[in-house]
$ cat upload_10.cif   # mmCIF, C-alpha atoms
data_work
#
loop_
_atom_site.label_atom_id
_atom_site.label_comp_id
_atom_site.auth_asym_id
_atom_site.auth_seq_id
_atom_site.Cartn_x
_atom_site.Cartn_y
_atom_site.Cartn_z
CA MET K 1 0.00 0.00 0.00
CA THR K 2 1.37 3.39 -1.03
CA LYS K 3 1.81 5.92 1.72
CA LEU K 4 2.17 9.64 1.08
CA ILE K 5 4.77 11.24 3.31
CA THR K 6 6.56 14.55 3.50
CA ARG K 7 9.36 15.24 1.06
CA LEU K 8 12.55 13.41 1.93
CA SER K 9 15.72 15.48 1.95
CA LEU K 10 18.43 14.57 -0.51
CA ALA K 11 20.57 13.48 2.42
CA VAL K 12 17.96 10.90 3.42
CA LEU K 13 17.82 9.60 -0.14
CA PHE K 14 21.59 9.26 -0.19
CA GLN K 15 21.40 7.25 3.03
CA PHE K 16 19.69 4.51 1.05
CA CYS K 17 22.83 4.33 -1.09
CA LEU K 18 25.23 4.44 1.85
CA ALA K 19 23.41 2.40 4.50
CA ALA K 20 24.94 -0.69 6.07
CA ALA K 21 23.85 -3.71 4.08
CA LEU K 22 24.26 -7.41 3.40
CA VAL K 23 26.19 -8.51 0.33
CA ALA K 24 23.94 -9.87 -2.40
CA ALA K 25 24.88 -12.82 -4.59
CA ASN K 26 25.12 -10.93 -7.87
CA TYR K 27 21.94 -8.91 -7.82
CA SER K 28 21.17 -5.85 -9.92
CA PHE K 29 18.15 -3.91 -11.15
CA PHE K 30 16.90 -3.25 -14.63
CA GLY K 31 14.18 -0.64 -15.04
CA THR K 32 12.21 1.04 -17.79
CA THR K 33 8.99 2.99 -18.24
CA ASP K 34 5.98 2.05 -20.34
CA LYS K 35 6.85 4.76 -22.87
CA ASN K 36 9.61 7.24 -23.62
CA PRO K 37 10.23 8.82 -20.20
CA LEU K 38 10.72 12.25 -21.77
CA GLU K 39 7.25 12.37 -23.33
CA TYR K 40 4.69 12.12 -20.54
CA GLN K 41 1.88 14.64 -20.37
CA PRO K 42 0.50 16.36 -17.23
CA GLY K 43 -1.49 13.89 -15.16
CA GLU K 44 -0.71 10.96 -17.47
CA GLU K 45 0.04 7.71 -15.66
CA MET K 46 3.73 6.82 -15.61
CA VAL K 47 4.47 3.13 -15.19
CA PHE K 48 7.95 2.13 -14.04
CA GLN K 49 8.74 -1.53 -14.74
CA LEU K 50 11.43 -2.98 -12.45
CA GLN K 51 13.18 -6.34 -12.47
CA VAL K 52 15.63 -7.72 -9.92
CA LEU K 53 18.30 -9.73 -11.71
CA ASP K 54 20.81 -12.32 -10.51
CA ASP K 55 23.66 -12.75 -12.98
CA GLY K 56 21.49 -10.89 -15.47
CA LYS K 57 18.41 -13.10 -15.12
CA PRO K 58 15.12 -12.14 -13.39
CA VAL K 59 14.63 -13.76 -9.98
CA ASP K 60 11.76 -14.47 -7.59
CA GLY K 61 11.39 -13.50 -3.99
CA VAL K 62 13.58 -10.42 -3.50
CA ARG K 63 11.93 -7.79 -1.34
CA VAL K 64 12.00 -4.26 -2.82
CA LYS K 65 11.29 -0.92 -1.17
CA TRP K 66 10.76 2.13 -3.35
CA THR K 67 10.45 5.88 -2.88
CA ARG K 68 8.96 8.29 -5.41
CA THR K 69 9.85 11.97 -5.12
CA GLY K 70 9.40 14.71 -7.65
CA ASP K 71 9.58 18.34 -8.62
CA ASP K 72 5.95 18.63 -7.49
CA GLY K 73 7.00 18.26 -3.86
CA GLU K 74 5.11 15.00 -3.34
CA THR K 75 6.61 11.77 -2.00
CA ALA K 76 5.24 8.23 -1.99
CA THR K 77 6.65 4.93 -0.76
CA GLY K 78 5.83 1.31 -1.32
CA GLU K 79 7.03 -2.29 -1.19
CA ALA K 80 6.90 -5.26 -3.55
CA VAL K 81 8.48 -8.68 -4.10
CA SER K 82 10.30 -9.54 -7.30
CA SER K 83 9.08 -12.13 -9.78
CA ALA K 84 11.04 -13.98 -12.43
CA THR K 85 8.11 -13.71 -14.84
CA GLU K 86 6.52 -10.30 -14.22
CA PRO K 87 8.13 -6.91 -13.53
CA ILE K 88 7.31 -4.88 -10.44
CA LEU K 89 5.07 -2.00 -11.51
CA VAL K 90 5.26 1.40 -9.81
CA LYS K 91 2.62 3.83 -11.04
CA THR K 92 2.65 7.58 -10.55
CA SER K 93 2.07 10.85 -12.38
CA LEU K 94 3.10 14.49 -12.43
CA LYS K 95 0.80 17.42 -13.13
CA THR K 96 3.34 20.18 -13.82
CA PRO K 97 6.54 20.52 -15.89
CA GLY K 98 9.36 18.67 -14.19
CA PHE K 99 10.66 15.23 -13.26
CA VAL K 100 9.71 12.28 -11.08
CA TYR K 101 12.56 10.43 -9.36
CA LEU K 102 12.15 6.77 -8.43
CA LEU K 103 14.60 5.07 -6.07
CA ALA K 104 14.09 1.32 -5.53
CA VAL K 105 16.19 -0.72 -3.09
CA ALA K 106 16.54 -4.49 -2.78
CA VAL K 107 16.46 -5.43 0.92
CA ASP K 108 16.80 -8.49 3.16
CA GLU K 109 14.21 -9.83 5.59
CA ASN K 110 15.23 -7.18 8.13
CA GLY K 111 14.83 -4.32 5.67
CA ASN K 112 18.58 -3.77 5.21
CA ALA K 113 19.76 -2.89 1.73
CA LEU K 114 21.55 -5.62 -0.21
CA ARG K 115 25.06 -4.82 -1.43
CA ARG K 116 26.31 -5.21 -4.95
CA ASN K 117 28.83 -7.98 -5.50
CA PRO K 118 31.56 -7.28 -6.41
CA GLU K 119 31.26 -3.98 -4.56
CA PRO K 120 31.71 -0.98 -6.90
CA GLN K 121 33.16 2.42 -6.05
CA TYR K 122 29.82 4.22 -6.32
CA CYS K 123 26.29 3.32 -5.19
CA LYS K 124 27.22 0.11 -3.45
CA ASN K 125 23.68 -1.09 -2.75
CA VAL K 126 21.41 -3.00 -5.11
CA GLU K 127 19.25 -0.09 -6.27
CA PHE K 128 17.43 1.38 -9.25
CA TYR K 129 17.67 5.12 -9.86
CA GLY K 130 15.20 6.23 -12.47
CA GLY K 131 13.17 9.13 -13.69
CA ALA K 132 10.58 10.43 -16.10
CA GLY K 133 9.50 13.92 -17.09
CA VAL K 134 6.52 16.03 -18.11
CA LEU K 135 6.51 18.96 -20.56
CA LEU K 136 10.28 19.18 -20.61
CA ASP K 137 10.31 22.14 -22.98
CA LYS K 138 8.43 24.14 -20.32
CA ILE K 139 11.02 23.67 -17.56
CA ALA K 140 12.46 27.15 -17.03
CA GLY K 141 14.93 28.72 -14.64
CA ALA K 142 14.68 31.83 -12.51
CA PRO K 143 15.62 35.21 -14.07
CA GLU K 144 19.34 35.84 -14.43
CA PRO K 145 21.10 38.79 -12.74
CA GLU K 146 20.21 42.02 -14.54
CA ASP K 147 23.87 42.98 -14.92
CA PHE K 148 25.02 39.51 -15.99
CA ASP K 149 26.84 40.70 -19.12
CA ALA K 150 28.28 43.78 -17.42
CA PHE K 151 29.64 41.59 -14.63
CA TRP K 152 31.50 39.34 -17.03
CA THR K 153 32.80 42.33 -18.98
CA ARG K 154 34.32 43.56 -15.70
CA GLN K 155 35.81 40.15 -14.93
CA LYS K 156 37.42 39.93 -18.36
CA ALA K 157 38.82 43.43 -17.83
CA ARG K 158 40.33 42.29 -14.51
CA LEU K 159 41.91 39.37 -16.31
CA ALA K 160 43.24 41.57 -19.11
CA GLU K 161 45.20 43.56 -16.56
CA ILE K 162 47.24 40.45 -15.75
CA PRO K 163 49.93 39.78 -18.37
CA MET K 164 49.69 36.32 -19.89
CA ASP K 165 53.11 35.21 -18.71
CA VAL K 166 53.65 31.57 -19.64
CA GLU K 167 55.98 28.99 -18.14
CA LEU K 168 56.50 25.91 -20.33
CA VAL K 169 58.54 23.06 -18.87
CA PRO K 170 59.15 20.09 -21.22
CA VAL K 171 58.15 16.75 -19.69
CA GLU K 172 58.13 13.21 -21.02
CA SER K 173 55.04 12.26 -22.98
CA GLY K 174 55.87 8.59 -23.44
CA SER K 175 55.29 8.94 -27.19
CA PRO K 176 57.96 9.76 -29.79
CA GLU K 177 55.31 11.67 -31.75
CA VAL K 178 54.15 14.00 -29.00
CA ALA K 179 55.72 16.99 -27.28
CA CYS K 180 54.42 17.58 -23.76
CA TYR K 181 54.79 20.50 -21.38
CA ASP K 182 53.89 21.28 -17.80
CA VAL K 183 52.28 24.71 -18.24
CA LYS K 184 51.69 27.62 -15.87
CA VAL K 185 49.90 30.71 -17.17
CA LYS K 186 49.60 33.78 -14.96
CA CYS K 187 46.01 34.63 -14.03
CA VAL K 188 43.99 36.49 -11.41
CA GLY K 189 44.96 34.68 -8.20
CA MET K 190 46.16 31.15 -8.87
CA PRO K 191 47.63 30.44 -12.31
CA VAL K 192 46.27 28.16 -14.98
CA SER K 193 48.10 24.87 -14.41
CA GLY K 194 47.99 21.93 -16.78
CA TYR K 195 49.66 19.66 -19.30
CA LEU K 196 49.88 20.63 -22.97
CA CYS K 197 50.44 17.97 -25.61
CA MET K 198 50.78 18.36 -29.38
CA PRO K 199 52.52 16.77 -32.35
CA LYS K 200 56.23 17.46 -32.44
CA GLU K 201 57.30 20.10 -34.98
CA ALA K 202 53.70 20.99 -35.85
CA LYS K 203 53.45 23.71 -38.47
CA GLU K 204 51.96 27.14 -37.88
CA LYS K 205 48.14 27.27 -38.02
CA SER K 206 47.94 23.51 -38.67
CA LEU K 207 46.13 22.19 -35.58
CA GLY K 208 42.77 22.28 -33.95
CA ALA K 209 42.66 22.48 -30.15
CA HIS K 210 40.89 20.74 -27.27
CA VAL K 211 40.80 22.10 -23.71
CA SER K 212 39.48 19.73 -21.04
CA PHE K 213 38.50 20.27 -17.42
CA HIS K 214 38.20 18.27 -14.18
CA GLY K 215 35.35 17.20 -11.95
CA TYR K 216 35.07 18.23 -8.32
CA GLY K 217 38.10 17.10 -6.37
CA PHE K 218 41.83 17.35 -5.90
CA SER K 219 44.16 15.92 -8.51
CA SER K 220 46.90 16.76 -10.95
CA ALA K 221 46.15 17.54 -14.55
CA TYR K 222 46.75 14.54 -16.80
CA LYS K 223 48.81 14.36 -19.98
CA PRO K 224 46.41 14.16 -22.97
CA VAL K 225 48.96 12.26 -25.06
CA SER K 226 46.57 10.37 -27.32
CA GLU K 227 44.81 13.54 -28.47
CA GLY K 228 48.17 15.30 -28.64
CA LYS K 229 49.12 13.10 -31.60
CA LYS K 230 46.75 15.05 -33.83
CA MET K 231 45.90 18.36 -32.15
CA ILE K 232 46.72 20.84 -29.41
CA ALA K 233 45.43 19.14 -26.27
CA PHE K 234 45.42 21.04 -22.98
CA ASN K 235 44.15 19.56 -19.71
CA ILE K 236 44.09 21.83 -16.67
CA ASN K 237 43.57 21.07 -13.01
CA ALA K 238 40.70 22.85 -11.30
CA HIS K 239 42.69 24.90 -8.81
CA GLY K 240 45.93 26.18 -10.32
CA TYR K 241 48.19 24.17 -8.04
CA LEU K 242 51.19 22.03 -9.07
CA ASN K 243 50.90 19.01 -11.34
CA GLY K 244 52.63 15.68 -10.99
CA GLN K 245 53.02 15.80 -7.21
CA PRO K 246 52.80 12.91 -4.72
CA GLN K 247 49.25 12.10 -3.64
CA GLU K 248 49.98 13.50 -0.19
CA TYR K 249 50.22 16.98 -1.74
CA TYR K 250 46.65 16.81 -3.07
CA ASP K 251 45.32 15.11 0.04
CA GLU K 252 46.69 17.95 2.14
CA MET K 253 44.91 20.50 -0.07
CA SER K 254 41.66 18.60 0.38
CA ARG K 255 41.99 18.76 4.16
CA THR K 256 43.10 22.39 4.45
CA THR K 257 43.01 25.29 1.98
CA LEU K 258 40.57 23.68 -0.47
CA LYS K 259 38.35 21.80 1.95
CA SER K 260 34.70 22.11 0.82
CA TYR K 261 35.69 24.68 -1.79
CA GLY K 262 32.79 26.39 -3.52
CA PHE K 263 30.46 25.74 -0.57
CA ASN K 264 31.46 28.68 1.63
CA ASN K 265 28.22 30.63 2.04
CA GLU K 266 30.02 33.76 3.22
CA GLU K 267 32.29 33.80 0.15
CA ASN K 268 29.27 33.14 -2.05
CA GLN K 269 27.51 36.33 -0.96
CA ASN K 270 29.71 38.30 -3.38
CA PRO K 271 30.33 37.07 -6.95
CA GLU K 272 33.92 38.33 -6.87
CA THR K 273 34.80 36.45 -3.68
CA ALA K 274 33.06 33.19 -4.68
CA TYR K 275 35.53 30.38 -5.33
CA PHE K 276 34.05 29.95 -8.79
CA ASN K 277 35.33 33.39 -9.78
CA GLY K 278 38.96 32.30 -9.89
CA MET K 279 38.03 28.96 -11.43
CA ILE K 280 36.17 30.50 -14.37
CA LEU K 281 38.82 33.18 -14.92
CA ARG K 282 41.34 30.33 -15.24
CA VAL K 283 39.03 28.73 -17.79
CA ILE K 284 38.99 31.94 -19.84
CA ARG K 285 42.76 32.31 -19.59
CA ALA K 286 43.34 28.68 -20.59
CA LEU K 287 41.44 29.36 -23.79
CA GLU K 288 43.38 32.57 -24.37
CA PHE K 289 46.64 30.67 -23.97
CA VAL K 290 45.66 27.92 -26.42
CA LYS K 291 44.50 30.49 -28.97
CA SER K 292 47.87 32.25 -28.66
CA ARG K 293 49.72 29.15 -29.81
CA PRO K 294 51.10 29.64 -33.33
CA GLU K 295 50.05 26.06 -34.18
CA TRP K 296 46.34 26.76 -33.62
CA ASN K 297 44.38 26.88 -36.87
CA GLY K 298 42.15 29.72 -35.68
CA LYS K 299 38.87 27.85 -36.04
CA ASP K 300 38.67 24.52 -34.19
CA LEU K 301 38.45 24.94 -30.40
CA ILE K 302 36.72 22.13 -28.48
CA VAL K 303 35.99 22.21 -24.75
CA SER K 304 34.90 19.24 -22.67
CA GLY K 305 34.48 17.92 -19.15
CA GLY K 306 32.30 15.95 -16.77
CA SER K 307 30.48 17.15 -13.65
CA GLN K 308 32.46 20.20 -12.46
CA GLY K 309 34.36 19.87 -15.74
CA GLY K 310 31.00 20.18 -17.49
CA PHE K 311 30.27 23.28 -15.42
CA GLN K 312 33.58 24.74 -16.62
CA CYS K 313 33.24 23.83 -20.30
CA LEU K 314 29.64 25.10 -20.54
CA SER K 315 30.82 28.36 -18.98
CA ALA K 316 33.66 28.49 -21.48
CA ALA K 317 31.26 28.08 -24.39
CA GLY K 318 29.18 31.02 -23.18
CA LEU K 319 32.13 33.29 -22.40
CA ASP K 320 34.35 32.72 -25.43
CA ALA K 321 32.81 33.06 -28.89
CA ASP K 322 35.78 31.20 -30.42
CA VAL K 323 34.72 27.90 -28.86
CA SER K 324 33.58 25.76 -31.77
CA GLU K 325 32.19 22.73 -29.91
CA CYS K 326 31.29 21.86 -26.32
CA ARG K 327 30.90 18.38 -24.82
CA ALA K 328 29.55 18.11 -21.26
CA HIS K 329 28.80 14.96 -19.30
CA VAL K 330 26.53 15.12 -16.21
CA ALA K 331 27.29 18.85 -15.94
CA TRP K 332 27.24 20.35 -12.45
CA CYS K 333 25.54 23.47 -11.05
CA LEU K 334 22.87 23.94 -13.72
CA ASP K 335 19.79 25.83 -12.50
CA LEU K 336 21.48 26.69 -9.21
CA SER K 337 18.39 28.41 -7.79
CA GLY K 338 15.95 25.70 -8.89
CA HIS K 339 15.44 24.21 -5.44
CA THR K 340 15.15 27.53 -3.62
CA LYS K 341 13.14 29.52 -6.15
CA MET K 342 11.28 26.84 -8.11
CA ASN K 343 10.87 24.18 -5.36
CA ARG K 344 12.53 21.49 -7.49
CA LEU K 345 14.33 18.48 -6.08
CA ASN K 346 17.75 19.60 -4.96
CA GLY K 347 21.14 18.39 -6.08
CA TRP K 348 24.54 18.37 -4.44
CA ARG K 349 25.58 22.00 -4.85
CA PRO K 350 26.34 25.15 -2.84
CA GLY K 351 23.45 26.74 -1.00
CA TRP K 352 21.78 29.35 -3.16
CA THR K 353 22.86 32.99 -3.05
CA GLU K 354 22.04 35.66 -5.61
CA ALA K 355 25.78 35.96 -6.36
CA LEU K 356 25.85 32.41 -7.72
CA GLY K 357 23.51 33.44 -10.53
CA TYR K 358 26.56 34.80 -12.37
CA TYR K 359 28.05 31.29 -12.46
CA ASP K 360 25.02 29.26 -13.48
CA PRO K 361 25.84 27.71 -16.90
CA ALA K 362 22.12 27.87 -17.69
CA ASN K 363 22.60 31.64 -17.96
CA HIS K 364 25.71 31.25 -20.10
CA ALA K 365 23.62 29.05 -22.41
CA LYS K 366 21.83 32.12 -23.73
CA ARG K 367 25.17 33.47 -25.01
CA THR K 368 26.46 30.20 -26.47
CA LYS K 369 26.64 29.88 -30.26
CA CYS K 370 28.56 26.64 -30.81
CA PRO K 371 27.09 23.13 -30.91
CA VAL K 372 26.68 21.62 -27.43
CA TYR K 373 26.50 17.89 -26.71
CA LEU K 374 25.19 16.85 -23.29
CA THR K 375 24.72 13.53 -21.52
CA ALA K 376 22.88 13.10 -18.23
CA GLY K 377 21.25 10.53 -15.96
CA LEU K 378 17.55 10.40 -15.18
CA GLY K 379 18.51 9.16 -11.71
CA ASP K 380 21.30 11.68 -11.12
CA TYR K 381 20.48 13.82 -8.11
CA VAL K 382 23.94 15.26 -7.78
CA CYS K 383 23.10 17.09 -11.02
CA PRO K 384 19.30 16.80 -11.35
CA PRO K 385 17.72 16.29 -14.78
CA SER K 386 15.64 19.45 -14.31
CA GLY K 387 18.85 21.51 -14.39
CA GLN K 388 19.93 19.82 -17.61
CA MET K 389 16.60 20.84 -19.13
CA VAL K 390 16.85 24.45 -17.99
CA TYR K 391 20.23 24.66 -19.70
CA TYR K 392 18.98 22.88 -22.83
CA ASN K 393 15.88 25.08 -23.10
CA ASN K 394 17.96 28.27 -22.73
CA LEU K 395 20.34 27.18 -25.48
CA GLN K 396 19.49 28.42 -28.98
CA ALA K 397 22.54 26.88 -30.67
CA PRO K 398 22.74 23.39 -32.20
CA LYS K 399 22.25 21.01 -29.28
CA ARG K 400 21.82 17.41 -28.25
CA LEU K 401 20.94 16.02 -24.82
CA ILE K 402 21.02 12.28 -24.13
CA PHE K 403 19.28 11.09 -20.95
CA ASN K 404 20.22 7.62 -19.69
CA GLN K 405 17.65 5.70 -17.67
CA GLY K 406 18.74 4.03 -14.44
CA CYS K 407 21.91 6.12 -14.19
CA THR K 408 23.24 8.33 -11.42
CA HIS K 409 26.22 10.66 -11.29
CA GLY K 410 28.68 7.81 -10.89
CA TYR K 411 26.74 4.65 -11.78
CA SER K 412 25.29 3.41 -15.06
CA MET K 413 22.73 0.63 -15.14
CA PRO K 414 23.92 -2.15 -17.48
CA LYS K 415 22.25 -1.92 -20.89
CA CYS K 416 20.57 1.33 -19.84
CA PRO K 417 18.10 2.75 -22.38
CA SER K 418 19.00 6.17 -23.77
CA PHE K 419 16.62 8.91 -24.90
CA THR K 420 17.64 11.90 -27.00
CA LEU K 421 16.49 15.50 -27.38
CA THR K 422 18.13 17.37 -30.25
CA ASN K 423 17.75 19.98 -32.95
CA ILE K 424 20.72 18.60 -34.87
CA GLU K 425 19.86 16.72 -38.04
CA GLU K 426 21.66 13.39 -38.27
CA LYS K 427 23.81 13.07 -41.38
#

$ encode --input "upload_10.cif" --output "structure tokens"
Amino acid sequence: MTKLITRLSLAVLFQFCLAAALVAANYSFFGTTDKNPLEYQPGEEMVFQLQVLDDGKPVDGVRVKWTRTGDDGETATGEAVSSATEPILVKTSLKTPGFVYLLAVAVDENGNALRRNPEPQYCKNVEFYGGAGVLLDKIAGAPEPEDFDAFWTRQKARLAEIPMDVELVPVESGSPEVACYDVKVKCVGMPVSGYLCMPKEAKEKSLGAHVSFHGYGFSSAYKPVSEGKKMIAFNINAHGYLNGQPQEYYDEMSRTTLKSYGFNNEENQNPETAYFNGMILRVIRALEFVKSRPEWNGKDLIVSGGSQGGFQCLSAAGLDADVSECRAHVAWCLDLSGHTKMNRLNGWRPGWTEALGYYDPANHAKRTKCPVYLTAGLGDYVCPPSGQMVYYNNLQAPKRLIFNQGCTHGYSMPKCPSFTLTNIEEK
């Protein structure tokens, strides 16, 4: 019997994923909906169809608890037992534009979540993370800051006052074809810090370029050697610190100066003191540096990244008109005010302040002219699907968004169905 309860916080939902649990034999979930999950209409019944699998085959007798939340603020819970012949059906609906989120957990006789076996790095319990949406083209964000463009003009002026002094230190690439450098480029605050790879003895104006960015965390840039065989490839770390250091160096940063970076509410009251200010200025300077290379052909400039890297590359596409293509996977911090102002399900992100509106990639989308390729999970509530749609709807350039069913920020359901929104004609 379904029981309506108050909205669960995101922290409570995460506890399902992190709770102590028994190890399952080799259980997993497979889940779908009765139609394309991106095409439901207001009030239309959504039917989630769930199977518990053991070694990929449906099994009888596994107890399942599920929780339905949604951008409508409603929550429902229920229980069922798996069958080898019939899927578990969970029925719901949504009356307004937005998404439903369904979390199903396989449990033992005591109600404890079963663990995946072998145990993965992310989402260790046997769970299904799914979603479905209504009127996706009507999902809109809050108004952007009135002086959004003026703010970024000022930030670029601040950056222009800093000379683009470059330090290039040759390092081993491991490939006879590729030159590699540890790069530092002077910037506002911390420098741009990354590894640059390109073909040895490349001719002037002969190469396209690719700048890539990191997810949330603390690590060195990596050497993009494979791409460096055919183009200018530049990977930067998120913070401007040293590359190629012992792990202890990065661990110390995570415990001290960079602990919980981006989440300081006091810093986030002012857009120029927010941690993202320095991060995005380094993004702009990284592009300036790559474009200054004599080998760049002057036309091909790709940016890419996942999660926080997606946040950075989507910002880059909106702030630099020379970007020719943007690729973002499970991009972070889209529709930053959606929970506070629009009452949508929250993600893992800094608490909302008006200053953060200057850093929301959904606002940069309105200035982006290049093609943008996005991938996202319908069960990702680090970066909720509603935020992906706000960005997509704001974007007037060529665009493609692929939603994967049963996928979170760090976990992909085996053989997950994919559903695409696009205005790009397939060739």

$ resolve_selection --input "upload_10.cif" --expression "the PyMOL selection byres ((chain K and resi 396-400) around 9)" --output "CSV table (one decimal) with C-alpha atoms, in the coordinates of the input"
chain,number,residue,atom,x,y,z
K,365,ALA,CA,23.6,29.0,-22.4
K,366,LYS,CA,21.8,32.1,-23.7
K,367,ARG,CA,25.2,33.5,-25.0
K,368,THR,CA,26.5,30.2,-26.5
K,369,LYS,CA,26.6,29.9,-30.3
K,370,CYS,CA,28.6,26.6,-30.8
K,371,PRO,CA,27.1,23.1,-30.9
K,372,VAL,CA,26.7,21.6,-27.4
K,373,TYR,CA,26.5,17.9,-26.7
K,374,LEU,CA,25.2,16.8,-23.3
K,375,THR,CA,24.7,13.5,-21.5
K,392,TYR,CA,19.0,22.9,-22.8
K,393,ASN,CA,15.9,25.1,-23.1
K,394,ASN,CA,18.0,28.3,-22.7
K,395,LEU,CA,20.3,27.2,-25.5
K,401,LEU,CA,20.9,16.0,-24.8
K,402,ILE,CA,21.0,12.3,-24.1
K,420,THR,CA,17.6,11.9,-27.0
K,421,LEU,CA,16.5,15.5,-27.4
K,422,THR,CA,18.1,17.4,-30.2
K,423,ASN,CA,17.8,20.0,-33.0
K,424,ILE,CA,20.7,18.6,-34.9

$ resolve_selection --input "upload_10.cif" --expression "the PyMOL selection byres ((chain K and resi 82) around 10)" --output "count of residues only"
20

$ resolve_selection --input "upload_10.cif" --expression "the PyMOL selection byres ((chain K and resi 165) around 6)" --output "compact mmCIF listing (two decimals) with C-alpha atoms, in the coordinates of the input"
# COMPACT_ATOMS: atom_id res chain seq x y z
CA PRO K 163 49.93 39.78 -18.37
CA MET K 164 49.69 36.32 -19.89
CA VAL K 166 53.65 31.57 -19.64
CA VAL K 185 49.90 30.71 -17.17
CA LYS K 186 49.60 33.78 -14.96

$ atom_distance --input "upload_10.cif" --atom1 "CA of His214 in chain K" --atom2 "CA of Ser304 in chain K"
9.2 Å

$ closest_residue --input "upload_10.cif" --among "K:Phe218, K:His339, K:Leu319, K:Glu45" --to "Gln247 in chain K" --atoms "all atoms listed in the file"
K:Phe218

$ atom_distance --input "upload_10.cif" --atom1 "CA of Ser260 in chain K" --atom2 "CA of Tyr275 in chain K"
10.3 Å

$ atom_distance --input "upload_10.cif" --atom1 "CA of Arg344 in chain K" --atom2 "CA of Phe48 in chain K"
20.9 Å

$ closest_residue --input "upload_10.cif" --among "K:Lys415, K:Arg285, K:Lys184, K:His329" --to "Gln388 in chain K" --atoms "only C-alpha atoms"
K:His329

$ closest_residue --input "upload_10.cif" --among "K:Gly298, K:Pro246, K:Gly215, K:Gly318" --to "Val330 in chain K" --atoms "only C-alpha atoms"
K:Gly215

$ closest_residue --input "upload_10.cif" --among "K:Ser418, K:Thr353, K:Thr67, K:Asn125" --to "Thr33 in chain K" --atoms "all atoms listed in the file"
K:Ser418

$ residues_near_point --input "upload_10.cif" --point "(44.5, 17.0, -14.9)" --cutoff "8 Å" --atoms "all atoms listed in the file" --output "list in words"
Gly194, Tyr195, Phe213, His214, Ser219, Ser220, Ala221, Tyr222, Lys223, Asn235, Ile236, Asn237, Ala238 and Asn243 of chain K
